[in-house]
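Visitor: One file: structure23.cif (mmCIF, C-alpha atoms).
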```cif
data_model
loop_
_atom_site.group_PDB
_atom_site.id
_atom_site.type_symbol
_atom_site.label_atom_id
_atom_site.label_comp_id
_atom_site.auth_asym_id
_atom_site.auth_seq_id
_atom_site.Cartn_x
_atom_site.Cartn_y
_atom_site.Cartn_z
ATOM 1 C CA MET A 1 0.000 0.000 0.000
ATOM 2 C CA THR A 2 1.272 3.479 -0.857
ATOM 3 C CA PHE A 3 0.598 6.416 1.433
ATOM 4 C CA SER A 4 -0.673 9.583 -0.192
ATOM 5 C CA THR A 5 0.052 12.820 1.681
ATOM 6 C CA THR A 6 -2.986 14.381 0.013
ATOM 7 C CA THR A 7 -5.410 12.152 1.928
ATOM 8 C CA LYS A 8 -5.078 13.681 5.406
ATOM 9 C CA SER A 9 -2.834 15.406 7.901
ATOM 10 C CA PHE A 10 -0.758 13.363 10.287
ATOM 11 C CA ARG A 11 -1.140 13.923 14.025
ATOM 12 C CA LEU A 12 1.614 12.576 16.267
ATOM 13 C CA GLY A 13 1.160 12.315 20.030
ATOM 14 C CA THR A 14 4.019 12.634 22.488
ATOM 15 C CA ARG A 15 4.640 13.252 26.165
ATOM 16 C CA PRO A 16 5.898 16.812 26.798
ATOM 17 C CA SER A 17 9.107 15.916 28.658
ATOM 18 C CA PRO A 18 12.405 17.176 27.185
ATOM 19 C CA MET A 19 13.511 13.627 26.394
ATOM 20 C CA ALA A 20 10.222 12.780 24.689
ATOM 21 C CA MET A 21 10.340 15.998 22.675
ATOM 22 C CA GLU A 22 13.906 15.264 21.516
ATOM 23 C CA GLN A 23 12.989 11.830 20.169
ATOM 24 C CA THR A 24 9.791 13.266 18.682
ATOM 25 C CA GLY A 25 11.803 15.924 16.869
ATOM 26 C CA ARG A 26 14.186 13.295 15.544
ATOM 27 C CA PHE A 27 11.329 11.225 14.176
ATOM 28 C CA ALA A 28 9.529 14.274 12.809
ATOM 29 C CA ARG A 29 12.615 15.217 10.785
ATOM 30 C CA ALA A 30 12.747 11.729 9.268
ATOM 31 C CA LEU A 31 9.016 11.865 8.535
ATOM 32 C CA ARG A 32 9.271 15.227 6.775
ATOM 33 C CA LEU A 33 12.286 14.056 4.799
ATOM 34 C CA GLN A 34 10.319 11.030 3.576
ATOM 35 C CA TYR A 35 7.107 13.024 2.968
ATOM 36 C CA PRO A 36 8.012 16.707 2.305
ATOM 37 C CA ASP A 37 4.393 17.720 1.702
ATOM 38 C CA LEU A 38 2.961 16.000 4.764
ATOM 39 C CA ASP A 39 0.915 18.197 7.096
ATOM 40 C CA LEU A 40 2.429 17.084 10.416
ATOM 41 C CA GLU A 41 0.951 18.181 13.737
ATOM 42 C CA VAL A 42 2.596 17.248 17.056
ATOM 43 C CA LEU A 43 0.223 17.020 20.022
ATOM 44 C CA GLU A 44 1.657 17.058 23.535
ATOM 45 C CA ILE A 45 -0.201 14.620 25.774
ATOM 46 C CA THR A 46 0.430 14.895 29.501
ATOM 47 C CA SER A 47 0.034 11.423 30.949
ATOM 48 C CA GLU A 48 -1.367 10.366 34.320
ATOM 49 C CA GLY A 49 2.152 9.314 35.247
ATOM 50 C CA ASP A 50 3.468 12.814 34.512
ATOM 51 C CA GLN A 51 0.828 14.356 36.773
ATOM 52 C CA HIS A 52 0.991 11.886 39.664
ATOM 53 C CA ARG A 53 3.910 12.377 42.049
ATOM 54 C CA GLY A 54 3.358 9.345 44.285
ATOM 55 C CA PRO A 55 4.157 5.657 43.662
ATOM 56 C CA LEU A 56 3.194 4.498 40.185
ATOM 57 C CA ALA A 57 1.332 1.536 41.680
ATOM 58 C CA GLU A 58 -1.310 4.026 42.855
ATOM 59 C CA VAL A 59 -2.156 4.840 39.221
ATOM 60 C CA GLY A 60 -1.705 1.429 37.642
ATOM 61 C CA GLY A 61 2.059 1.182 37.184
ATOM 62 C CA LYS A 62 3.917 2.318 34.071
ATOM 63 C CA GLY A 63 0.671 2.024 32.092
ATOM 64 C CA ALA A 64 -0.054 5.457 33.538
ATOM 65 C CA PHE A 65 2.415 6.843 30.979
ATOM 66 C CA THR A 66 0.619 5.356 27.961
ATOM 67 C CA ARG A 67 -3.104 5.107 28.786
ATOM 68 C CA ARG A 68 -3.970 8.665 27.759
ATOM 69 C CA ALA A 69 -2.050 8.421 24.463
ATOM 70 C CA ASP A 70 -3.657 5.026 23.864
ATOM 71 C CA GLN A 71 -7.077 6.616 24.243
ATOM 72 C CA TYR A 72 -6.126 9.403 21.839
ATOM 73 C CA LEU A 73 -5.160 6.723 19.312
ATOM 74 C CA LEU A 74 -8.292 4.641 19.767
ATOM 75 C CA ASP A 75 -10.529 7.728 19.597
ATOM 76 C CA GLY A 76 -8.870 8.822 16.337
ATOM 77 C CA ARG A 77 -7.554 12.096 17.793
ATOM 78 C CA ILE A 78 -4.028 11.182 16.677
ATOM 79 C CA GLU A 79 -2.676 8.842 14.015
ATOM 80 C CA ALA A 80 0.416 7.738 15.962
ATOM 81 C CA ALA A 81 2.144 8.030 19.334
ATOM 82 C CA ILE A 82 5.852 7.888 20.125
ATOM 83 C CA ALA A 83 7.421 6.278 23.190
ATOM 84 C CA CYS A 84 10.552 4.627 24.578
ATOM 85 C CA ALA A 85 10.152 0.897 24.030
ATOM 86 C CA LYS A 86 11.346 0.003 27.527
ATOM 87 C CA ASP A 87 8.541 2.101 29.024
ATOM 88 C CA ILE A 88 5.696 0.453 27.087
ATOM 89 C CA PRO A 89 3.590 -1.847 29.318
ATOM 90 C CA GLY A 90 2.973 -5.448 28.350
ATOM 91 C CA PRO A 91 -0.055 -6.214 26.148
ATOM 92 C CA HIS A 92 -2.029 -7.487 29.161
ATOM 93 C CA ASP A 93 -1.797 -3.974 30.669
ATOM 94 C CA ARG A 94 -3.026 -2.112 27.581
ATOM 95 C CA ALA A 95 -6.135 -1.659 25.527
ATOM 96 C CA PRO A 96 -6.106 -3.985 22.499
ATOM 97 C CA GLY A 97 -5.750 -2.695 18.971
ATOM 98 C CA ILE A 98 -2.441 -0.780 19.173
ATOM 99 C CA VAL A 99 0.668 -1.949 17.301
ATOM 100 C CA ALA A 100 4.198 -0.755 16.560
ATOM 101 C CA GLY A 101 4.396 0.844 13.126
ATOM 102 C CA ALA A 102 7.966 2.145 13.066
ATOM 103 C CA VAL A 103 11.008 1.457 15.196
ATOM 104 C CA LEU A 104 13.997 3.811 15.155
ATOM 105 C CA PRO A 105 17.589 2.477 15.130
ATOM 106 C CA ARG A 106 18.668 1.105 18.474
ATOM 107 C CA GLU A 107 20.864 3.331 20.627
ATOM 108 C CA GLU A 108 22.932 2.319 23.670
ATOM 109 C CA VAL A 109 21.353 -0.293 25.945
ATOM 110 C CA ALA A 110 23.586 0.403 28.961
ATOM 111 C CA ASP A 111 22.543 1.953 32.255
ATOM 112 C CA VAL A 112 24.858 4.394 33.998
ATOM 113 C CA LEU A 113 25.642 5.633 37.491
ATOM 114 C CA VAL A 114 24.933 9.344 37.939
ATOM 115 C CA LEU A 115 26.355 11.380 40.825
ATOM 116 C CA PRO A 116 25.480 14.850 42.079
ATOM 117 C CA ALA A 117 27.140 17.603 40.047
ATOM 118 C CA GLY A 118 30.636 18.367 41.232
ATOM 119 C CA ARG A 119 31.187 15.089 43.007
ATOM 120 C CA PRO A 120 34.417 13.275 42.008
ATOM 121 C CA PRO A 121 33.826 10.273 39.707
ATOM 122 C CA THR A 122 33.428 6.912 41.377
ATOM 123 C CA THR A 123 31.775 3.540 40.723
ATOM 124 C CA LEU A 124 28.958 1.610 42.327
ATOM 125 C CA ALA A 125 31.531 -0.711 43.899
ATOM 126 C CA ASP A 126 33.327 2.242 45.515
ATOM 127 C CA LEU A 127 30.288 4.039 46.932
ATOM 128 C CA PRO A 128 30.270 3.993 50.756
ATOM 129 C CA PRO A 129 28.193 1.167 52.287
ATOM 130 C CA GLY A 130 24.654 2.307 52.942
ATOM 131 C CA SER A 131 24.666 4.789 50.068
ATOM 132 C CA ARG A 132 21.178 5.360 48.694
ATOM 133 C CA VAL A 133 20.890 4.725 44.950
ATOM 134 C CA GLY A 134 17.751 6.037 43.284
ATOM 135 C CA THR A 135 15.795 3.993 40.753
ATOM 136 C CA SER A 136 12.139 3.366 39.953
ATOM 137 C CA ALA A 137 12.800 0.102 38.079
ATOM 138 C CA PRO A 138 12.436 -3.278 39.847
ATOM 139 C CA ARG A 139 15.059 -4.668 37.431
ATOM 140 C CA ARG A 140 17.625 -2.111 38.577
ATOM 141 C CA ALA A 141 16.701 -2.560 42.253
ATOM 142 C CA ALA A 142 17.118 -6.340 41.972
ATOM 143 C CA LEU A 143 20.460 -5.975 40.190
ATOM 144 C CA LEU A 144 21.650 -3.575 42.872
ATOM 145 C CA LYS A 145 20.634 -6.041 45.583
ATOM 146 C CA ALA A 146 22.433 -8.922 43.856
ATOM 147 C CA LEU A 147 25.609 -7.145 42.746
ATOM 148 C CA TYR A 148 26.043 -4.447 45.391
ATOM 149 C CA PRO A 149 24.220 -5.615 48.543
ATOM 150 C CA GLN A 150 26.021 -2.966 50.615
ATOM 151 C CA LEU A 151 24.023 -0.258 48.788
ATOM 152 C CA VAL A 152 20.360 0.655 49.273
ATOM 153 C CA ALA A 153 17.905 1.101 46.404
ATOM 154 C CA VAL A 154 15.402 3.908 46.972
ATOM 155 C CA PRO A 155 12.411 4.740 44.735
ATOM 156 C CA ILE A 156 12.490 7.999 42.784
ATOM 157 C CA ARG A 157 10.045 9.688 40.416
ATOM 158 C CA GLY A 158 10.075 12.371 37.731
ATOM 159 C CA ASN A 159 11.416 12.894 34.233
ATOM 160 C CA ALA A 160 15.161 12.478 33.713
ATOM 161 C CA ASP A 161 15.896 16.201 33.738
ATOM 162 C CA THR A 162 13.864 16.689 36.928
ATOM 163 C CA ARG A 163 15.613 13.784 38.667
ATOM 164 C CA LEU A 164 19.008 15.203 37.728
ATOM 165 C CA ARG A 165 18.101 18.623 39.101
ATOM 166 C CA ASP A 166 16.793 17.123 42.331
ATOM 167 C CA LEU A 167 19.923 14.977 42.676
ATOM 168 C CA ASP A 168 22.156 18.030 42.283
ATOM 169 C CA GLU A 169 20.084 20.032 44.787
ATOM 170 C CA GLY A 170 19.968 17.233 47.355
ATOM 171 C CA ALA A 171 16.198 16.905 46.976
ATOM 172 C CA LEU A 172 16.033 13.442 45.376
ATOM 173 C CA GLY A 173 16.329 11.453 48.592
ATOM 174 C CA ALA A 174 19.288 9.555 47.135
ATOM 175 C CA ASP A 175 23.062 9.903 47.073
ATOM 176 C CA ALA A 176 23.284 8.749 43.444
ATOM 177 C CA MET A 177 20.962 7.332 40.802
ATOM 178 C CA ILE A 178 20.818 4.935 37.891
ATOM 179 C CA ALA A 179 19.795 6.239 34.469
ATOM 180 C CA ALA A 180 19.757 5.052 30.864
ATOM 181 C CA LEU A 181 22.741 6.161 28.804
ATOM 182 C CA ALA A 182 20.528 6.559 25.725
ATOM 183 C CA GLY A 183 18.280 8.942 27.633
ATOM 184 C CA LEU A 184 21.182 11.072 28.808
ATOM 185 C CA ARG A 185 22.497 11.261 25.250
ATOM 186 C CA ARG A 186 19.097 12.476 24.050
ATOM 187 C CA LEU A 187 19.384 15.305 26.566
ATOM 188 C CA ASN A 188 23.032 16.032 25.637
ATOM 189 C CA LEU A 189 23.973 15.042 29.192
ATOM 190 C CA ALA A 190 26.064 11.936 28.581
ATOM 191 C CA ASP A 191 28.902 13.613 30.466
ATOM 192 C CA ARG A 192 26.869 13.077 33.667
ATOM 193 C CA ALA A 193 27.600 9.334 33.501
ATOM 194 C CA ALA A 194 30.119 8.579 36.245
ATOM 195 C CA GLN A 195 30.192 4.887 35.314
ATOM 196 C CA ILE A 196 28.806 3.020 32.307
ATOM 197 C CA LEU A 197 27.504 -0.313 33.606
ATOM 198 C CA ASP A 198 28.503 -3.332 31.513
ATOM 199 C CA PRO A 199 25.289 -4.725 29.924
ATOM 200 C CA ALA A 200 26.749 -8.246 30.148
ATOM 201 C CA VAL A 201 26.636 -7.901 33.939
ATOM 202 C CA TRP A 202 24.156 -5.097 34.606
ATOM 203 C CA LEU A 203 21.428 -6.588 32.424
ATOM 204 C CA PRO A 204 19.546 -4.178 30.143
ATOM 205 C CA ALA A 205 15.806 -3.661 30.013
ATOM 206 C CA ALA A 206 13.775 -5.224 27.239
ATOM 207 C CA GLY A 207 13.545 -2.562 24.547
ATOM 208 C CA ALA A 208 16.416 -0.509 25.980
ATOM 209 C CA GLY A 209 17.608 2.210 23.597
ATOM 210 C CA ILE A 210 14.672 1.775 21.198
ATOM 211 C CA VAL A 211 12.104 4.410 20.237
ATOM 212 C CA VAL A 212 8.770 3.137 18.892
ATOM 213 C CA ILE A 213 5.971 4.835 16.964
ATOM 214 C CA GLU A 214 2.630 3.088 17.508
ATOM 215 C CA HIS A 215 -0.699 3.300 15.703
ATOM 216 C CA ARG A 216 -4.120 1.655 15.628
ATOM 217 C CA ALA A 217 -3.969 -1.880 14.302
ATOM 218 C CA ASP A 218 -6.796 -1.195 11.840
ATOM 219 C CA ASP A 219 -5.247 2.033 10.478
ATOM 220 C CA HIS A 220 -3.701 0.658 7.300
ATOM 221 C CA THR A 221 -2.940 4.114 5.910
ATOM 222 C CA THR A 222 -0.726 5.011 8.859
ATOM 223 C CA ARG A 223 0.903 1.601 8.732
ATOM 224 C CA ALA A 224 1.831 2.242 5.099
ATOM 225 C CA LEU A 225 3.213 5.660 6.015
ATOM 226 C CA LEU A 226 5.365 4.349 8.848
ATOM 227 C CA THR A 227 6.711 1.175 7.242
ATOM 228 C CA PRO A 228 9.457 2.878 5.156
ATOM 229 C CA LEU A 229 10.709 4.660 8.289
ATOM 230 C CA THR A 230 11.315 1.581 10.419
ATOM 231 C CA HIS A 231 14.797 0.213 11.080
ATOM 232 C CA ILE A 232 14.256 -3.417 10.150
ATOM 233 C CA ARG A 233 16.995 -4.970 12.284
ATOM 234 C CA THR A 234 15.955 -3.010 15.362
ATOM 235 C CA HIS A 235 12.316 -3.954 14.728
ATOM 236 C CA THR A 236 13.409 -7.602 14.835
ATOM 237 C CA LEU A 237 15.152 -7.092 18.186
ATOM 238 C CA PHE A 238 12.164 -5.185 19.546
ATOM 239 C CA ASP A 239 9.685 -7.897 18.536
ATOM 240 C CA ALA A 240 11.854 -10.647 20.047
ATOM 241 C CA GLU A 241 12.391 -8.914 23.377
ATOM 242 C CA ARG A 242 8.747 -7.908 23.688
ATOM 243 C CA ALA A 243 7.672 -11.486 22.936
ATOM 244 C CA ALA A 244 9.880 -12.814 25.743
ATOM 245 C CA LEU A 245 8.468 -10.270 28.176
ATOM 246 C CA SER A 246 4.914 -10.969 27.034
ATOM 247 C CA ALA A 247 5.341 -14.699 27.638
ATOM 248 C CA LEU A 248 6.272 -13.820 31.218
ATOM 249 C CA HIS A 249 3.149 -11.658 31.476
ATOM 250 C CA GLY A 250 5.581 -8.887 32.309
ATOM 251 C CA GLY A 251 6.228 -5.277 31.472
ATOM 252 C CA CYS A 252 8.494 -2.380 32.319
ATOM 253 C CA MET A 253 7.844 -2.848 36.061
ATOM 254 C CA THR A 254 8.991 -6.488 35.983
ATOM 255 C CA ALA A 255 12.359 -7.519 37.445
ATOM 256 C CA ALA A 256 13.445 -9.145 34.206
ATOM 257 C CA SER A 257 15.736 -8.621 31.248
ATOM 258 C CA ALA A 258 15.388 -9.680 27.635
ATOM 259 C CA HIS A 259 18.141 -8.811 25.193
ATOM 260 C CA ALA A 260 18.205 -9.975 21.570
ATOM 261 C CA VAL A 261 21.159 -10.091 19.184
ATOM 262 C CA VAL A 262 21.439 -11.133 15.549
ATOM 263 C CA ASP A 263 24.445 -12.888 14.067
ATOM 264 C CA GLU A 264 24.773 -11.069 10.765
ATOM 265 C CA ALA A 265 26.873 -13.877 9.273
ATOM 266 C CA THR A 266 24.292 -16.608 9.893
ATOM 267 C CA GLY A 267 21.059 -14.647 10.175
ATOM 268 C CA ARG A 268 20.372 -16.357 13.502
ATOM 269 C CA LEU A 269 18.619 -14.530 16.320
ATOM 270 C CA THR A 270 19.421 -15.214 19.967
ATOM 271 C CA VAL A 271 17.313 -13.941 22.858
ATOM 272 C CA HIS A 272 18.958 -13.876 26.277
ATOM 273 C CA ALA A 273 16.287 -13.699 28.985
ATOM 274 C CA VAL A 274 16.624 -13.413 32.755
ATOM 275 C CA VAL A 275 14.194 -13.159 35.655
ATOM 276 C CA LEU A 276 15.815 -11.557 38.690
ATOM 277 C CA ASP A 277 15.232 -12.392 42.333
ATOM 278 C CA PRO A 278 14.161 -9.251 44.252
ATOM 279 C CA THR A 279 15.994 -10.587 47.315
ATOM 280 C CA GLY A 280 19.310 -10.653 45.458
ATOM 281 C CA GLN A 281 19.570 -14.415 45.116
ATOM 282 C CA ALA A 282 20.649 -16.131 41.872
ATOM 283 C CA PRO A 283 18.459 -15.224 38.889
ATOM 284 C CA LEU A 284 16.944 -17.610 36.377
ATOM 285 C CA ARG A 285 18.614 -17.401 32.962
ATOM 286 C CA THR A 286 17.935 -18.893 29.560
ATOM 287 C CA SER A 287 18.416 -18.236 25.869
ATOM 288 C CA ALA A 288 16.627 -19.232 22.702
ATOM 289 C CA THR A 289 17.898 -19.195 19.145
ATOM 290 C CA GLY A 290 16.176 -19.292 15.783
ATOM 291 C CA PRO A 291 15.845 -17.525 12.432
ATOM 292 C CA ALA A 292 15.869 -13.733 12.586
ATOM 293 C CA THR A 293 12.741 -13.877 10.422
ATOM 294 C CA GLU A 294 10.838 -15.342 13.405
ATOM 295 C CA PRO A 295 11.499 -12.924 16.292
ATOM 296 C CA GLY A 296 8.145 -13.468 17.973
ATOM 297 C CA PRO A 297 8.393 -17.269 18.284
ATOM 298 C CA VAL A 298 12.047 -17.130 19.344
ATOM 299 C CA GLY A 299 11.378 -14.543 22.034
ATOM 300 C CA ARG A 300 8.295 -16.339 23.265
ATOM 301 C CA ARG A 301 10.258 -19.578 23.549
ATOM 302 C CA ALA A 302 12.803 -17.851 25.789
ATOM 303 C CA GLY A 303 10.049 -16.560 28.051
ATOM 304 C CA LEU A 304 8.316 -19.927 28.261
ATOM 305 C CA GLN A 305 11.604 -21.610 29.123
ATOM 306 C CA LEU A 306 11.899 -19.304 32.109
ATOM 307 C CA LEU A 307 8.379 -20.141 33.206
ATOM 308 C CA ASP A 308 9.151 -23.849 32.917
ATOM 309 C CA ALA A 309 12.161 -23.235 35.161
ATOM 310 C CA GLY A 310 9.935 -21.687 37.842
ATOM 311 C CA ALA A 311 10.128 -17.978 37.027
ATOM 312 C CA GLN A 312 6.581 -17.362 38.252
ATOM 313 C CA LYS A 313 7.817 -17.814 41.839
ATOM 314 C CA LEU A 314 10.174 -14.860 41.406
ATOM 315 C CA LEU A 315 7.635 -12.820 39.483
ATOM 316 C CA GLY A 316 5.085 -13.213 42.265
ATOM 317 C CA TYR A 317 2.194 -14.449 40.133
ATOM 318 C CA ARG A 318 1.169 -17.298 37.894
ATOM 319 C CA PRO A 319 0.858 -16.179 34.238
#
```
What does the file become when written as structure tokens?

Guide:
Amino acid sequence: MTFSTTTKSFRLGTRPSPMAMEQTGRFARALRLQYPDLDLEVLEITSEGDQHRGPLAEVGGKGAFTRRADQYLLDGRIEAAIACAKDIPGPHDRAPGIVAGAVLPREEVADVLVLPAGRPPTTLADLPPGSRVGTSAPRRAALLKALYPQLVAVPIRGNADTRLRDLDEGALGADAMIAALAGLRRLNLADRAAQILDPAVWLPAAGAGIVVIEHRADDHTTRALLTPLTHIRTHTLFDAERAALSALHGGCMTAASAHAVVDEATGRLTVHAVVLDPTGQAPLRTSATGPATEPGPVGRRAGLQLLDAGAQKLLGYRP
């Protein structure tokens, strides 16, 4: 199907945070380059998660960041919405009928240690025992417990720029924090990384470093518009990691990691999947391999292997 820019304008929804606006601008430039005559309108959508300052569990977890944009999509008020892949809830936490139309090239998957401005560089291993390390992600909290049990994970809220400001002003309630390197780069703040955490040890989130543009499943016109803009290899990795997480009935608030890689020489896809123990005990690990043309089945197999190994006991529910 060919998209015709004479048929309608294109409305793109985004959260209003500086990071969201940077990735929206990047996608908008690619969209205008592909369709110079397209009438593009960017709508800022303030989510429930942006408005609520308490624990996310009080407003339904990370789904609070997507529910309002989802409703805009389903009501036809926008054609597409943009989001960080690692922040998208699992399908069981969302309204049906929304799919990924375009996936931008993957950026860094690593997390980093961030210290208050002016503090001499150090590492997680060298922080004083009892240091409070801010993070809102169960995956990061579980990794901290397992790898650095002398440190204390404390929950934090707010957009990346707000958290950085609060950290510098001593208002975050933490002595340091964990952030995504890709996010800092989007804000031109990569120099704030005191330590880049090795993804082979500090396991990345499913979808880390990936930006996704979603649309209604029945909107074939928007699908045709977005298809030429997707990065095919990254889309494969995204589909595989999301399938593993979906098999676990998990989402961005699950203490789990799914990371996919493709061997370019053989065309084989491997999904490394881990469910972490919140108490810091040994995690459950597995991997699944198959053709890169079948990311969904390969990722799902990795997730099911974890369930067969007893992952539901660590996840705290039975999928």

Visitor: Between A:Val261, A:Gly158, A:Leu237, A:Arg139, which has the minimum distance to Leu315 in chain A (counting only C-alpha atoms)?

Guide: A:Arg139

Visitor: Using only C-alpha atoms, pick whichever of A:Ile78, A:Ile232, A:Ala160, A:Leu73 has the shortest atom-to-atom distance to Asn188 in chain A.

Guide: A:Ala160

Visitor: Please, what distance in Å, to one decimal, runs between CA of Arg15 in chain A and CA of Ala95 in chain A?

Guide: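 Going from CA of Arg15 in chain A over to CA of Ala95 in chain A, I get 18.4 Å.
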
Visitor: Quick one: residues within 9 Å of Leu167 in chain A, all atoms listed in the file, excluding same-chain residues fewer than 2 positions away - as a short mmCIF file (atom, residue, chain, number, x, y, z; two decimals) with C-alpha atoms, in the frame of the given file?

Guide:
```
data_model
loop_
_atom_site.label_atom_id
_atom_site.label_comp_id
_atom_site.auth_asym_id
_atom_site.auth_seq_id
_atom_site.Cartn_x
_atom_site.Cartn_y
_atom_site.Cartn_z
CA VAL A 114 24.93 9.34 37.94
CA LEU A 115 26.36 11.38 40.83
CA PRO A 116 25.48 14.85 42.08
CA ALA A 117 27.14 17.60 40.05
CA THR A 162 13.86 16.69 36.93
CA ARG A 163 15.61 13.78 38.67
CA LEU A 164 19.01 15.20 37.73
CA ARG A 165 18.10 18.62 39.10
CA GLU A 169 20.08 20.03 44.79
CA GLY A 170 19.97 17.23 47.36
CA ALA A 171 16.20 16.90 46.98
CA LEU A 172 16.03 13.44 45.38
CA GLY A 173 16.33 11.45 48.59
CA ALA A 174 19.29 9.56 47.14
CA ASP A 175 23.06 9.90 47.07
CA ALA A 176 23.28 8.75 43.44
CA MET A 177 20.96 7.33 40.80
#
```

Visitor: Apply the PyMOL selection byres ((chain A and resi 186) around 10) to the displayed file and report the matching residues as a ChimeraX atom specification.

Guide: /A:18-23,26,107,181-185,187-190

Visitor: Could the residues in this selection be saved with C-alpha atoms as a tab-separated table (two decimals), keeping the file's coordinate frame?

Guide:
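File out_25.tsv, as written:
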```
chain	number	residue	atom	x	y	z
A	18	PRO	CA	12.40	17.18	27.18
A	19	MET	CA	13.51	13.63	26.39
A	20	ALA	CA	10.22	12.78	24.69
A	21	MET	CA	10.34	16.00	22.68
A	22	GLU	CA	13.91	15.26	21.52
A	23	GLN	CA	12.99	11.83	20.17
A	26	ARG	CA	14.19	13.30	15.54
A	107	GLU	CA	20.86	3.33	20.63
A	181	LEU	CA	22.74	6.16	28.80
A	182	ALA	CA	20.53	6.56	25.72
A	183	GLY	CA	18.28	8.94	27.63
A	184	LEU	CA	21.18	11.07	28.81
A	185	ARG	CA	22.50	11.26	25.25
A	187	LEU	CA	19.38	15.30	26.57
A	188	ASN	CA	23.03	16.03	25.64
A	189	LEU	CA	23.97	15.04	29.19
A	190	ALA	CA	26.06	11.94	28.58
```

Visitor: Write out as a PyMOL selection string which residues come within 9 Å of Ala282 in chain A when counting all atoms listed in the file, dropping same-chain ones fewer than 5 positions away.

Guide: chain A and resi 146+276-277

Visitor: From the list A:Leu306, A:Ala153, A:Ala137, A:Ala193, which residue is nearest Ala255 in chain A when using all atoms listed in the file?

Guide: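 Once distances to Ala255 in chain A are computed over all atoms listed in the file, the minimum belongs to A:Ala137.
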
Visitor: Spell out the residues picked by the PyMOL selection byres ((chain A and resi 283-299) around 6) here, as a ChimeraX atom specification.

Guide: /A:236,239-241,243-244,267-277,282,300-302

Visitor: Nearest residue to Ala100 in chain A out of A:Asp39, A:Glu264, A:Asp218, A:Asp308, using only C-alpha atoms?

Guide: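 Of the candidates, the smallest distance to Ala100 in chain A is held by A:Asp218.
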
Visitor: With 7 Å as the threshold, what does the neighbourhood of (23.0, 2.2, 47.9) contain in terms of residues, counting all atoms listed in the file? Coordinates are those of the file; answer as a PyMOL selection string.

Guide: chain A and resi 129-133+150-153

Visitor: Fewer than 2 positions away in the same chain doesn't count, so skip those; otherwise give me all residues within 12 Å of Glu41 in chain A, counting only C-alpha atoms, as a PDB file with C-alpha atoms, in the coordinates of the input.

Guide:
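Produced file selection.pdb, reproduced below:
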```
ATOM      1  CA  LYS A   8      -5.078  13.681   5.406  1.00  0.00           C
ATOM      2  CA  SER A   9      -2.834  15.406   7.901  1.00  0.00           C
ATOM      3  CA  PHE A  10      -0.758  13.363  10.287  1.00  0.00           C
ATOM      4  CA  ARG A  11      -1.140  13.923  14.025  1.00  0.00           C
ATOM      5  CA  LEU A  12       1.614  12.576  16.267  1.00  0.00           C
ATOM      6  CA  GLY A  13       1.160  12.315  20.030  1.00  0.00           C
ATOM      7  CA  THR A  14       4.019  12.634  22.488  1.00  0.00           C
ATOM      8  CA  THR A  24       9.791  13.266  18.682  1.00  0.00           C
ATOM      9  CA  GLY A  25      11.803  15.924  16.869  1.00  0.00           C
ATOM     10  CA  ALA A  28       9.529  14.274  12.809  1.00  0.00           C
ATOM     11  CA  LEU A  31       9.016  11.865   8.535  1.00  0.00           C
ATOM     12  CA  ARG A  32       9.271  15.227   6.775  1.00  0.00           C
ATOM     13  CA  LEU A  38       2.961  16.000   4.764  1.00  0.00           C
ATOM     14  CA  ASP A  39       0.915  18.197   7.096  1.00  0.00           C
ATOM     15  CA  LEU A  43       0.223  17.020  20.022  1.00  0.00           C
ATOM     16  CA  GLU A  44       1.657  17.058  23.535  1.00  0.00           C
ATOM     17  CA  ARG A  77      -7.554  12.096  17.793  1.00  0.00           C
ATOM     18  CA  ILE A  78      -4.028  11.182  16.677  1.00  0.00           C
ATOM     19  CA  GLU A  79      -2.676   8.842  14.015  1.00  0.00           C
ATOM     20  CA  ALA A  80       0.416   7.738  15.962  1.00  0.00           C
ATOM     21  CA  ALA A  81       2.144   8.030  19.334  1.00  0.00           C
TER      22      ALA A  81
END
```

Visitor: If the PyMOL selection byres ((chain A and resi 135) around 9) were run on this exact file, what residues would it hold? Put them as a list in words.

Guide: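 Those residues are Val133, Gly134, Ser136, Ala137, Pro138, Arg140, Ala141, Ala153, Val154, Pro155, Ile156, Arg157, Met177, Ile178 and Ala179 of chain A.
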
Visitor: Looking at A:Gly209, A:Ala311, A:Leu229, A:Thr266, which one is nearest to Val109 in chain A, with distances taken over only C-alpha atoms?

Guide: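 Checking each candidate against Val109 in chain A, we get A:Gly209 as the closest.
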
Visitor: Name the closest residue to Leu104 in chain A among the candidates A:Val212, A:Ala224, A:Ile82, A:Ala206; distances are taken between atoms, counting only C-alpha atoms.

Guide: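 Smallest distance to Leu104 in chain A is found for A:Val212.
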